[in-house]
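S.K.: Sharing query.cif below, mmCIF, C-alpha atoms:
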```
data_query
loop_
_atom_site.group_PDB
_atom_site.id
_atom_site.type_symbol
_atom_site.label_atom_id
_atom_site.label_comp_id
_atom_site.auth_asym_id
_atom_site.auth_seq_id
_atom_site.Cartn_x
_atom_site.Cartn_y
_atom_site.Cartn_z
ATOM 1 C CA MET H 1 5.903 6.871 36.598
ATOM 2 C CA GLY H 2 4.117 4.359 34.363
ATOM 3 C CA ARG H 3 4.227 4.201 30.580
ATOM 4 C CA SER H 4 0.586 5.219 30.336
ATOM 5 C CA THR H 5 1.099 8.319 32.491
ATOM 6 C CA ARG H 6 4.123 9.389 30.435
ATOM 7 C CA ASN H 7 2.203 8.828 27.217
ATOM 8 C CA ARG H 8 -0.764 10.866 28.451
ATOM 9 C CA ARG H 9 1.542 13.692 29.484
ATOM 10 C CA LEU H 10 3.296 13.570 26.107
ATOM 11 C CA MET H 11 0.013 13.696 24.204
ATOM 12 C CA THR H 12 -1.302 16.489 26.462
ATOM 13 C CA ARG H 13 1.821 18.535 25.760
ATOM 14 C CA LEU H 14 1.485 17.835 22.046
ATOM 15 C CA ARG H 15 -2.172 18.814 21.992
ATOM 16 C CA THR H 16 -1.402 21.996 23.914
ATOM 17 C CA PHE H 17 1.457 22.786 21.528
ATOM 18 C CA PHE H 18 -0.519 22.128 18.356
ATOM 19 C CA ALA H 19 -3.865 23.414 19.630
ATOM 20 C CA ALA H 20 -2.425 26.720 20.771
ATOM 21 C CA ALA H 21 -3.481 29.248 18.209
ATOM 22 C CA VAL H 22 -0.616 30.415 16.085
ATOM 23 C CA ILE H 23 -0.993 34.106 15.425
ATOM 24 C CA LEU H 24 -0.150 34.931 11.869
ATOM 25 C CA SER H 25 0.052 38.344 10.324
ATOM 26 C CA LEU H 26 -0.995 38.711 6.725
ATOM 27 C CA ALA H 27 -0.440 42.400 6.193
ATOM 28 C CA ALA H 28 -0.769 42.077 2.430
ATOM 29 C CA VAL H 29 -4.285 41.358 1.316
ATOM 30 C CA GLY H 30 -5.639 40.677 -2.159
ATOM 31 C CA CYS H 31 -5.745 43.280 -4.880
ATOM 32 C CA GLY H 32 -9.146 44.615 -3.844
ATOM 33 C CA ALA H 33 -8.053 44.831 -0.172
ATOM 34 C CA ASN H 34 -11.188 42.808 0.655
ATOM 35 C CA GLU H 35 -9.584 39.382 0.315
ATOM 36 C CA ILE H 36 -6.634 37.683 1.969
ATOM 37 C CA ASP H 37 -3.877 36.995 -0.540
ATOM 38 C CA PRO H 38 -4.129 33.179 -0.963
ATOM 39 C CA VAL H 39 -0.405 32.775 -1.687
ATOM 40 C CA LEU H 40 0.560 34.620 1.515
ATOM 41 C CA LEU H 41 -2.049 32.671 3.483
ATOM 42 C CA LEU H 42 -0.624 29.340 2.359
ATOM 43 C CA GLU H 43 2.954 30.453 3.061
ATOM 44 C CA GLU H 44 2.076 31.665 6.568
ATOM 45 C CA ILE H 45 0.159 28.517 7.486
ATOM 46 C CA GLU H 46 2.887 26.256 6.133
ATOM 47 C CA SER H 47 5.675 28.046 8.004
ATOM 48 C CA SER H 48 3.736 28.487 11.247
ATOM 49 C CA VAL H 49 1.512 25.497 12.016
ATOM 50 C CA LEU H 50 4.417 23.008 12.036
ATOM 51 C CA ALA H 51 7.303 25.478 12.041
ATOM 52 C CA GLU H 52 9.721 23.006 13.646
ATOM 53 C CA TYR H 53 9.136 20.530 10.819
ATOM 54 C CA PRO H 54 9.394 22.373 7.488
ATOM 55 C CA GLY H 55 8.119 20.327 4.595
ATOM 56 C CA LEU H 56 6.081 17.949 6.763
ATOM 57 C CA LEU H 57 2.836 19.704 5.822
ATOM 58 C CA THR H 58 2.190 19.050 2.124
ATOM 59 C CA ASP H 59 -0.549 19.715 -0.435
ATOM 60 C CA LEU H 60 -1.860 22.673 1.559
ATOM 61 C CA ASP H 61 -5.081 24.053 0.110
ATOM 62 C CA CYS H 62 -7.406 26.805 1.328
ATOM 63 C CA PRO H 63 -10.636 28.087 -0.185
ATOM 64 C CA SER H 64 -10.266 31.199 -2.234
ATOM 65 C CA PRO H 65 -11.221 33.956 -1.992
ATOM 66 C CA ILE H 66 -11.339 34.503 1.762
ATOM 67 C CA GLU H 67 -12.890 37.850 2.621
ATOM 68 C CA VAL H 68 -11.073 40.077 5.119
ATOM 69 C CA GLY H 69 -13.003 40.611 8.347
ATOM 70 C CA VAL H 70 -12.881 39.885 12.064
ATOM 71 C CA GLY H 71 -14.242 36.420 12.886
ATOM 72 C CA ILE H 72 -14.327 35.102 9.313
ATOM 73 C CA GLU H 73 -13.379 31.423 9.373
ATOM 74 C CA ALA H 74 -12.153 28.916 6.809
ATOM 75 C CA GLU H 75 -11.120 25.284 6.761
ATOM 76 C CA CYS H 76 -7.920 24.458 4.917
ATOM 77 C CA THR H 77 -6.664 20.966 4.140
ATOM 78 C CA ALA H 78 -3.210 19.442 3.916
ATOM 79 C CA LEU H 79 -1.376 16.141 4.245
ATOM 80 C CA VAL H 80 1.003 14.993 6.991
ATOM 81 C CA ASP H 81 2.860 11.863 5.845
ATOM 82 C CA GLY H 82 0.121 11.256 3.293
ATOM 83 C CA GLU H 83 -2.692 11.486 5.881
ATOM 84 C CA PRO H 84 -5.260 14.282 5.498
ATOM 85 C CA VAL H 85 -5.495 16.994 8.144
ATOM 86 C CA THR H 86 -7.715 20.015 8.557
ATOM 87 C CA ILE H 87 -6.451 23.439 9.574
ATOM 88 C CA HIS H 88 -9.015 25.811 11.029
ATOM 89 C CA VAL H 89 -8.296 29.455 10.197
ATOM 90 C CA GLU H 90 -10.019 32.386 11.903
ATOM 91 C CA GLN H 91 -9.337 36.068 11.305
ATOM 92 C CA THR H 92 -8.592 38.116 14.388
ATOM 93 C CA ASN H 93 -8.732 41.606 12.888
ATOM 94 C CA ASP H 94 -9.813 43.417 9.752
ATOM 95 C CA GLU H 95 -6.274 43.506 8.339
ATOM 96 C CA GLY H 96 -5.934 39.783 7.636
ATOM 97 C CA ALA H 97 -4.278 38.586 10.880
ATOM 98 C CA ILE H 98 -5.387 35.028 11.639
ATOM 99 C CA ASN H 99 -5.180 32.179 14.118
ATOM 100 C CA ALA H 100 -4.503 28.780 12.536
ATOM 101 C CA GLU H 101 -5.088 25.523 14.395
ATOM 102 C CA LEU H 102 -4.377 21.960 13.303
ATOM 103 C CA GLN H 103 -7.528 19.938 14.028
ATOM 104 C CA GLU H 104 -6.126 16.398 14.185
ATOM 105 C CA PRO H 105 -3.858 15.212 17.004
ATOM 106 C CA LEU H 106 -0.367 14.201 15.988
ATOM 107 C CA PHE H 107 1.770 11.458 17.472
ATOM 108 C CA ASP H 108 5.351 12.572 18.154
ATOM 109 C CA VAL H 109 7.301 9.561 16.888
ATOM 110 C CA ALA H 110 10.687 11.175 17.546
ATOM 111 C CA THR H 111 9.876 11.829 21.220
ATOM 112 C CA ALA H 112 8.429 8.321 21.647
ATOM 113 C CA ALA H 113 11.666 6.847 20.241
ATOM 114 C CA GLU H 114 13.725 8.986 22.632
ATOM 115 C CA LYS H 115 11.600 7.894 25.616
ATOM 116 C CA LEU H 116 11.894 4.230 24.564
ATOM 117 C CA GLY H 117 15.670 4.563 24.444
ATOM 118 C CA GLU H 118 15.668 6.042 27.964
ATOM 119 C CA ARG H 119 13.376 3.269 29.189
ATOM 120 C CA PHE H 120 15.537 0.511 27.703
ATOM 121 C CA GLU H 121 18.651 2.101 29.169
ATOM 122 C CA PHE H 122 17.018 2.284 32.611
ATOM 123 C CA GLU H 123 15.688 -1.277 32.490
ATOM 124 C CA LEU H 124 18.702 -2.940 30.837
ATOM 125 C CA GLY H 125 21.485 -0.739 32.166
ATOM 126 C CA VAL H 126 22.866 -0.276 28.650
ATOM 127 C CA ALA H 127 22.695 2.901 26.574
ATOM 128 C CA THR H 128 20.204 2.208 23.816
ATOM 129 C CA SER H 129 19.144 4.319 20.862
ATOM 130 C CA VAL H 130 15.801 3.767 19.180
ATOM 131 C CA ASP H 131 15.041 4.764 15.597
ATOM 132 C CA CYS H 132 11.422 4.728 14.420
ATOM 133 C CA GLY H 133 12.110 6.255 11.020
ATOM 134 C CA GLU H 134 10.540 9.252 9.381
ATOM 135 C CA PRO H 135 8.524 11.376 9.593
ATOM 136 C CA PRO H 136 8.978 12.603 13.178
ATOM 137 C CA LEU H 137 5.242 13.395 13.531
ATOM 138 C CA ARG H 138 2.327 11.328 12.273
ATOM 139 C CA VAL H 139 -1.419 11.785 12.405
ATOM 140 C CA LEU H 140 -2.528 9.879 15.508
ATOM 141 C CA GLN H 141 -4.584 6.823 14.609
ATOM 142 C CA VAL H 142 -5.702 4.234 17.141
ATOM 143 C CA GLY H 143 -4.224 0.886 16.140
ATOM 144 C CA MET H 144 -1.392 2.287 14.042
ATOM 145 C CA VAL H 145 1.824 0.299 14.304
ATOM 146 C CA ILE H 146 5.211 1.966 14.115
ATOM 147 C CA ASP H 147 8.212 -0.283 13.562
ATOM 148 C CA CYS H 148 11.376 0.778 15.337
ATOM 149 C CA LEU H 149 14.907 -0.502 15.747
ATOM 150 C CA ALA H 150 16.601 -0.502 19.173
ATOM 151 C CA ASP H 151 20.398 -0.543 19.141
ATOM 152 C CA ASP H 152 22.489 -0.964 22.287
ATOM 153 C CA GLY H 153 25.815 -0.870 20.448
ATOM 154 C CA THR H 154 26.133 -4.644 20.176
ATOM 155 C CA THR H 155 22.608 -5.858 19.475
ATOM 156 C CA ASN H 156 19.847 -4.590 17.230
ATOM 157 C CA ARG H 157 16.285 -5.510 18.110
ATOM 158 C CA SER H 158 13.077 -4.714 16.325
ATOM 159 C CA VAL H 159 10.387 -3.074 18.416
ATOM 160 C CA SER H 160 6.822 -2.420 17.320
ATOM 161 C CA LEU H 161 4.902 0.385 18.947
ATOM 162 C CA THR H 162 1.099 0.032 18.681
ATOM 163 C CA VAL H 163 -1.052 3.069 19.526
ATOM 164 C CA LEU H 164 -3.857 1.960 21.855
ATOM 165 C CA ASP H 165 -6.095 5.001 22.176
ATOM 166 C CA SER H 166 -6.668 8.624 21.273
ATOM 167 C CA THR H 167 -4.423 9.805 24.124
ATOM 168 C CA GLY H 168 -1.413 8.254 22.406
ATOM 169 C CA ALA H 169 -0.922 5.433 24.920
ATOM 170 C CA TYR H 170 0.941 2.586 23.277
ATOM 171 C CA GLU H 171 2.193 -0.921 23.885
ATOM 172 C CA LEU H 172 5.474 -2.416 22.793
ATOM 173 C CA THR H 173 6.183 -5.712 21.119
ATOM 174 C CA LEU H 174 9.808 -6.829 21.023
ATOM 175 C CA GLY H 175 10.828 -8.699 17.883
#
```
I need this file expressed as structure tokens, please.

M.R.:
Amino acid sequence: MGRSTRNRRLMTRLRTFFAAAVILSLAAVGCGANEIDPVLLLEEIESSVLAEYPGLLTDLDCPSPIEVGVGIEAECTALVDGEPVTIHVEQTNDEGAINAELQEPLFDVATAAEKLGERFEFELGVATSVDCGEPPLRVLQVGMVIDCLADDGTTNRSVSLTVLDSTGAYELTLG
């Protein structure tokens, strides 16, 4: 299986994971019972959209007030590693339950590093770990370069990963 095919599959899985609507329940609504409590909304989005990566979503902001009602939508904003992202929020019932969906694709740096280590081990016959630093997810940007370090236990080599397209395909440059 070629690098490009693996990358496309990885990005497809990521898009499916992040695009799948996360059902949130906001049982408590604002004082007048006609608005979603903005504090609860922010807490639910933060803990649910990127639940596996607490703290990765920062500076979360949603418009306020948001009326309670089926189909009411809002766009919230946040940062992932300093890059702006939009979170689309849509209410699914008249009690404040919502779906929240991250609008920008993310590149899974941690998984790419793991796959690179497996590839190097297969091609070189030596167990190799690859570290591409933090954060583990970054907003996907065509042309972005991620510097990594490959370590086979005796030799450290720098590796640059350059994202080629919106599917997350990338090329490697060994340093």

S.K.: For the file shown, what are the residues hit by the PyMOL selection byres ((chain H and resi 109-113) around 8), laid out as number ranges by chain?

M.R.: H: 107-108, 114-117, 129-132, 135-138, 148

S.K.: Between H:Ala78, H:Leu56, H:Ala97, H:Val163, which is the closest to H:Leu40 once you count only C-alpha atoms?

M.R.: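 Looking only at the distances to H:Leu40, the closest residue turns out to be H:Ala97.
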
S.K.: Residue by residue, what does the PyMOL selection byres ((chain H and resi 64) around 9) grab here? Present the result as JSON, numbers by chain.

M.R.: {"H": [35, 36, 37, 38, 62, 63, 65, 66, 67]}

S.K.: For the selection just defined, write its residues with C-alpha atoms to a file, as a compact mmCIF listing (two decimals), in the frame of the given file.

M.R.:
```txt
# COMPACT_ATOMS: atom_id res chain seq x y z
CA GLU H 35 -9.58 39.38 0.32
CA ILE H 36 -6.63 37.68 1.97
CA ASP H 37 -3.88 36.99 -0.54
CA PRO H 38 -4.13 33.18 -0.96
CA CYS H 62 -7.41 26.80 1.33
CA PRO H 63 -10.64 28.09 -0.18
CA PRO H 65 -11.22 33.96 -1.99
CA ILE H 66 -11.34 34.50 1.76
CA GLU H 67 -12.89 37.85 2.62
```

S.K.: Which of these, H:Thr77, H:Asn34, H:Thr167, H:Ser158, has the shortest distance to H:Leu102 once you count all atoms listed in the file?

M.R.: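 For H:Leu102, the nearest of the given residues is H:Thr77.
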
S.K.: Please identify all polymer residues lying at most 12 Å from the point (3.4, 26.1, 9.7) (file coordinates), using all atoms listed in the file, and present the result as number ranges by chain.

M.R.: H: 18, 21-24, 41-58, 60, 78, 80, 87, 99-102

S.K.: Take the residues that were just selected and, keeping C-alpha atoms, output them as a PDB file, keeping the file's coordinate frame.

M.R.:
```pdb
ATOM      1  CA  PHE H  18      -0.519  22.128  18.356  1.00  0.00           C
ATOM      2  CA  ALA H  21      -3.481  29.248  18.209  1.00  0.00           C
ATOM      3  CA  VAL H  22      -0.616  30.415  16.085  1.00  0.00           C
ATOM      4  CA  ILE H  23      -0.993  34.106  15.425  1.00  0.00           C
ATOM      5  CA  LEU H  24      -0.150  34.931  11.869  1.00  0.00           C
ATOM      6  CA  LEU H  41      -2.049  32.671   3.483  1.00  0.00           C
ATOM      7  CA  LEU H  42      -0.624  29.340   2.359  1.00  0.00           C
ATOM      8  CA  GLU H  43       2.954  30.453   3.061  1.00  0.00           C
ATOM      9  CA  GLU H  44       2.076  31.665   6.568  1.00  0.00           C
ATOM     10  CA  ILE H  45       0.159  28.517   7.486  1.00  0.00           C
ATOM     11  CA  GLU H  46       2.887  26.256   6.133  1.00  0.00           C
ATOM     12  CA  SER H  47       5.675  28.046   8.004  1.00  0.00           C
ATOM     13  CA  SER H  48       3.736  28.487  11.247  1.00  0.00           C
ATOM     14  CA  VAL H  49       1.512  25.497  12.016  1.00  0.00           C
ATOM     15  CA  LEU H  50       4.417  23.008  12.036  1.00  0.00           C
ATOM     16  CA  ALA H  51       7.303  25.478  12.041  1.00  0.00           C
ATOM     17  CA  GLU H  52       9.721  23.006  13.646  1.00  0.00           C
ATOM     18  CA  TYR H  53       9.136  20.530  10.819  1.00  0.00           C
ATOM     19  CA  PRO H  54       9.394  22.373   7.488  1.00  0.00           C
ATOM     20  CA  GLY H  55       8.119  20.327   4.595  1.00  0.00           C
ATOM     21  CA  LEU H  56       6.081  17.949   6.763  1.00  0.00           C
ATOM     22  CA  LEU H  57       2.836  19.704   5.822  1.00  0.00           C
ATOM     23  CA  THR H  58       2.190  19.050   2.124  1.00  0.00           C
ATOM     24  CA  LEU H  60      -1.860  22.673   1.559  1.00  0.00           C
ATOM     25  CA  ALA H  78      -3.210  19.442   3.916  1.00  0.00           C
ATOM     26  CA  VAL H  80       1.003  14.993   6.991  1.00  0.00           C
ATOM     27  CA  ILE H  87      -6.451  23.439   9.574  1.00  0.00           C
ATOM     28  CA  ASN H  99      -5.180  32.179  14.118  1.00  0.00           C
ATOM     29  CA  ALA H 100      -4.503  28.780  12.536  1.00  0.00           C
ATOM     30  CA  GLU H 101      -5.088  25.523  14.395  1.00  0.00           C
ATOM     31  CA  LEU H 102      -4.377  21.960  13.303  1.00  0.00           C
TER      32      LEU H 102
END
```

S.K.: Quick check, in Å to one decimal: how far apart do atom CA of H:Leu174 and atom CA of H:Asp81 lie?

M.R.: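 Atom-to-atom, atom CA of H:Leu174 to atom CA of H:Asp81, that is 25.1 Å.
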
S.K.: Restore N, CA and C atoms in stretch 65-95 of chain H and list the result as a PDB file, keeping the file's coordinate frame.

M.R.:
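Now in selection08.pdb:
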```pdb
ATOM      1  N   PRO H  65     -11.834  32.936  -2.849  1.00  0.00           N
ATOM      2  CA  PRO H  65     -11.221  33.956  -1.992  1.00  0.00           C
ATOM      3  C   PRO H  65     -11.732  33.841  -0.554  1.00  0.00           C
ATOM      4  N   ILE H  66     -10.926  34.368   0.370  1.00  0.00           N
ATOM      5  CA  ILE H  66     -11.339  34.503   1.762  1.00  0.00           C
ATOM      6  C   ILE H  66     -11.440  35.995   2.028  1.00  0.00           C
ATOM      7  N   GLU H  67     -12.648  36.433   2.331  1.00  0.00           N
ATOM      8  CA  GLU H  67     -12.890  37.850   2.621  1.00  0.00           C
ATOM      9  C   GLU H  67     -12.134  38.264   3.873  1.00  0.00           C
ATOM     10  N   VAL H  68     -11.725  39.522   3.940  1.00  0.00           N
ATOM     11  CA  VAL H  68     -11.073  40.077   5.119  1.00  0.00           C
ATOM     12  C   VAL H  68     -12.158  40.558   6.069  1.00  0.00           C
ATOM     13  N   GLY H  69     -12.054  40.162   7.342  1.00  0.00           N
ATOM     14  CA  GLY H  69     -13.003  40.611   8.347  1.00  0.00           C
ATOM     15  C   GLY H  69     -12.849  39.832   9.634  1.00  0.00           C
ATOM     16  N   VAL H  70     -13.008  40.504  10.746  1.00  0.00           N
ATOM     17  CA  VAL H  70     -12.881  39.885  12.064  1.00  0.00           C
ATOM     18  C   VAL H  70     -13.869  38.729  12.179  1.00  0.00           C
ATOM     19  N   GLY H  71     -13.384  37.573  12.641  1.00  0.00           N
ATOM     20  CA  GLY H  71     -14.242  36.420  12.886  1.00  0.00           C
ATOM     21  C   GLY H  71     -14.526  35.552  11.688  1.00  0.00           C
ATOM     22  N   ILE H  72     -14.096  35.941  10.493  1.00  0.00           N
ATOM     23  CA  ILE H  72     -14.327  35.102   9.313  1.00  0.00           C
ATOM     24  C   ILE H  72     -13.450  33.856   9.437  1.00  0.00           C
ATOM     25  N   GLU H  73     -14.063  32.694   9.203  1.00  0.00           N
ATOM     26  CA  GLU H  73     -13.379  31.423   9.373  1.00  0.00           C
ATOM     27  C   GLU H  73     -13.304  30.660   8.065  1.00  0.00           C
ATOM     28  N   ALA H  74     -12.310  29.786   7.972  1.00  0.00           N
ATOM     29  CA  ALA H  74     -12.153  28.916   6.809  1.00  0.00           C
ATOM     30  C   ALA H  74     -11.509  27.617   7.261  1.00  0.00           C
ATOM     31  N   GLU H  75     -11.760  26.576   6.516  1.00  0.00           N
ATOM     32  CA  GLU H  75     -11.120  25.284   6.761  1.00  0.00           C
ATOM     33  C   GLU H  75     -10.180  24.996   5.602  1.00  0.00           C
ATOM     34  N   CYS H  76      -8.909  24.818   5.923  1.00  0.00           N
ATOM     35  CA  CYS H  76      -7.920  24.458   4.917  1.00  0.00           C
ATOM     36  C   CYS H  76      -7.593  22.979   5.088  1.00  0.00           C
ATOM     37  N   THR H  77      -7.049  22.371   4.063  1.00  0.00           N
ATOM     38  CA  THR H  77      -6.664  20.966   4.140  1.00  0.00           C
ATOM     39  C   THR H  77      -5.202  20.823   3.768  1.00  0.00           C
ATOM     40  N   ALA H  78      -4.603  19.746   4.238  1.00  0.00           N
ATOM     41  CA  ALA H  78      -3.210  19.442   3.916  1.00  0.00           C
ATOM     42  C   ALA H  78      -2.985  17.960   4.188  1.00  0.00           C
ATOM     43  N   LEU H  79      -1.770  17.513   3.937  1.00  0.00           N
ATOM     44  CA  LEU H  79      -1.376  16.141   4.245  1.00  0.00           C
ATOM     45  C   LEU H  79      -0.182  16.175   5.189  1.00  0.00           C
ATOM     46  N   VAL H  80      -0.160  15.247   6.148  1.00  0.00           N
ATOM     47  CA  VAL H  80       1.003  14.993   6.991  1.00  0.00           C
ATOM     48  C   VAL H  80       1.327  13.518   6.785  1.00  0.00           C
ATOM     49  N   ASP H  81       2.462  13.228   6.172  1.00  0.00           N
ATOM     50  CA  ASP H  81       2.860  11.863   5.845  1.00  0.00           C
ATOM     51  C   ASP H  81       1.760  11.144   5.064  1.00  0.00           C
ATOM     52  N   GLY H  82       1.142  11.852   4.142  1.00  0.00           N
ATOM     53  CA  GLY H  82       0.121  11.256   3.293  1.00  0.00           C
ATOM     54  C   GLY H  82      -1.260  11.159   3.914  1.00  0.00           C
ATOM     55  N   GLU H  83      -1.402  11.540   5.190  1.00  0.00           N
ATOM     56  CA  GLU H  83      -2.692  11.486   5.881  1.00  0.00           C
ATOM     57  C   GLU H  83      -3.318  12.875   5.872  1.00  0.00           C
ATOM     58  N   PRO H  84      -4.611  12.967   5.551  1.00  0.00           N
ATOM     59  CA  PRO H  84      -5.260  14.282   5.498  1.00  0.00           C
ATOM     60  C   PRO H  84      -5.446  14.905   6.876  1.00  0.00           C
ATOM     61  N   VAL H  85      -5.255  16.213   6.925  1.00  0.00           N
ATOM     62  CA  VAL H  85      -5.495  16.994   8.144  1.00  0.00           C
ATOM     63  C   VAL H  85      -6.273  18.249   7.762  1.00  0.00           C
ATOM     64  N   THR H  86      -6.962  18.781   8.740  1.00  0.00           N
ATOM     65  CA  THR H  86      -7.715  20.015   8.557  1.00  0.00           C
ATOM     66  C   THR H  86      -7.058  21.095   9.400  1.00  0.00           C
ATOM     67  N   ILE H  87      -6.991  22.293   8.845  1.00  0.00           N
ATOM     68  CA  ILE H  87      -6.451  23.439   9.574  1.00  0.00           C
ATOM     69  C   ILE H  87      -7.548  24.487   9.625  1.00  0.00           C
ATOM     70  N   HIS H  88      -7.971  24.805  10.839  1.00  0.00           N
ATOM     71  CA  HIS H  88      -9.015  25.811  11.029  1.00  0.00           C
ATOM     72  C   HIS H  88      -8.343  27.184  11.084  1.00  0.00           C
ATOM     73  N   VAL H  89      -8.846  28.101  10.275  1.00  0.00           N
ATOM     74  CA  VAL H  89      -8.296  29.455  10.197  1.00  0.00           C
ATOM     75  C   VAL H  89      -9.392  30.430  10.589  1.00  0.00           C
ATOM     76  N   GLU H  90      -9.064  31.352  11.508  1.00  0.00           N
ATOM     77  CA  GLU H  90     -10.019  32.386  11.903  1.00  0.00           C
ATOM     78  C   GLU H  90      -9.306  33.731  11.928  1.00  0.00           C
ATOM     79  N   GLN H  91      -9.925  34.734  11.327  1.00  0.00           N
ATOM     80  CA  GLN H  91      -9.337  36.068  11.305  1.00  0.00           C
ATOM     81  C   GLN H  91      -9.560  36.770  12.636  1.00  0.00           C
ATOM     82  N   THR H  92      -8.531  37.441  13.087  1.00  0.00           N
ATOM     83  CA  THR H  92      -8.592  38.116  14.388  1.00  0.00           C
ATOM     84  C   THR H  92      -8.721  39.627  14.273  1.00  0.00           C
ATOM     85  N   ASN H  93      -8.536  40.161  13.080  1.00  0.00           N
ATOM     86  CA  ASN H  93      -8.732  41.606  12.888  1.00  0.00           C
ATOM     87  C   ASN H  93      -9.154  41.857  11.444  1.00  0.00           C
ATOM     88  N   ASP H  94      -9.350  43.104  11.108  1.00  0.00           N
ATOM     89  CA  ASP H  94      -9.813  43.417   9.752  1.00  0.00           C
ATOM     90  C   ASP H  94      -8.658  43.730   8.793  1.00  0.00           C
ATOM     91  N   GLU H  95      -7.444  43.310   9.189  1.00  0.00           N
ATOM     92  CA  GLU H  95      -6.274  43.506   8.339  1.00  0.00           C
ATOM     93  C   GLU H  95      -5.689  42.184   7.863  1.00  0.00           C
TER      94      GLU H  95
END
```
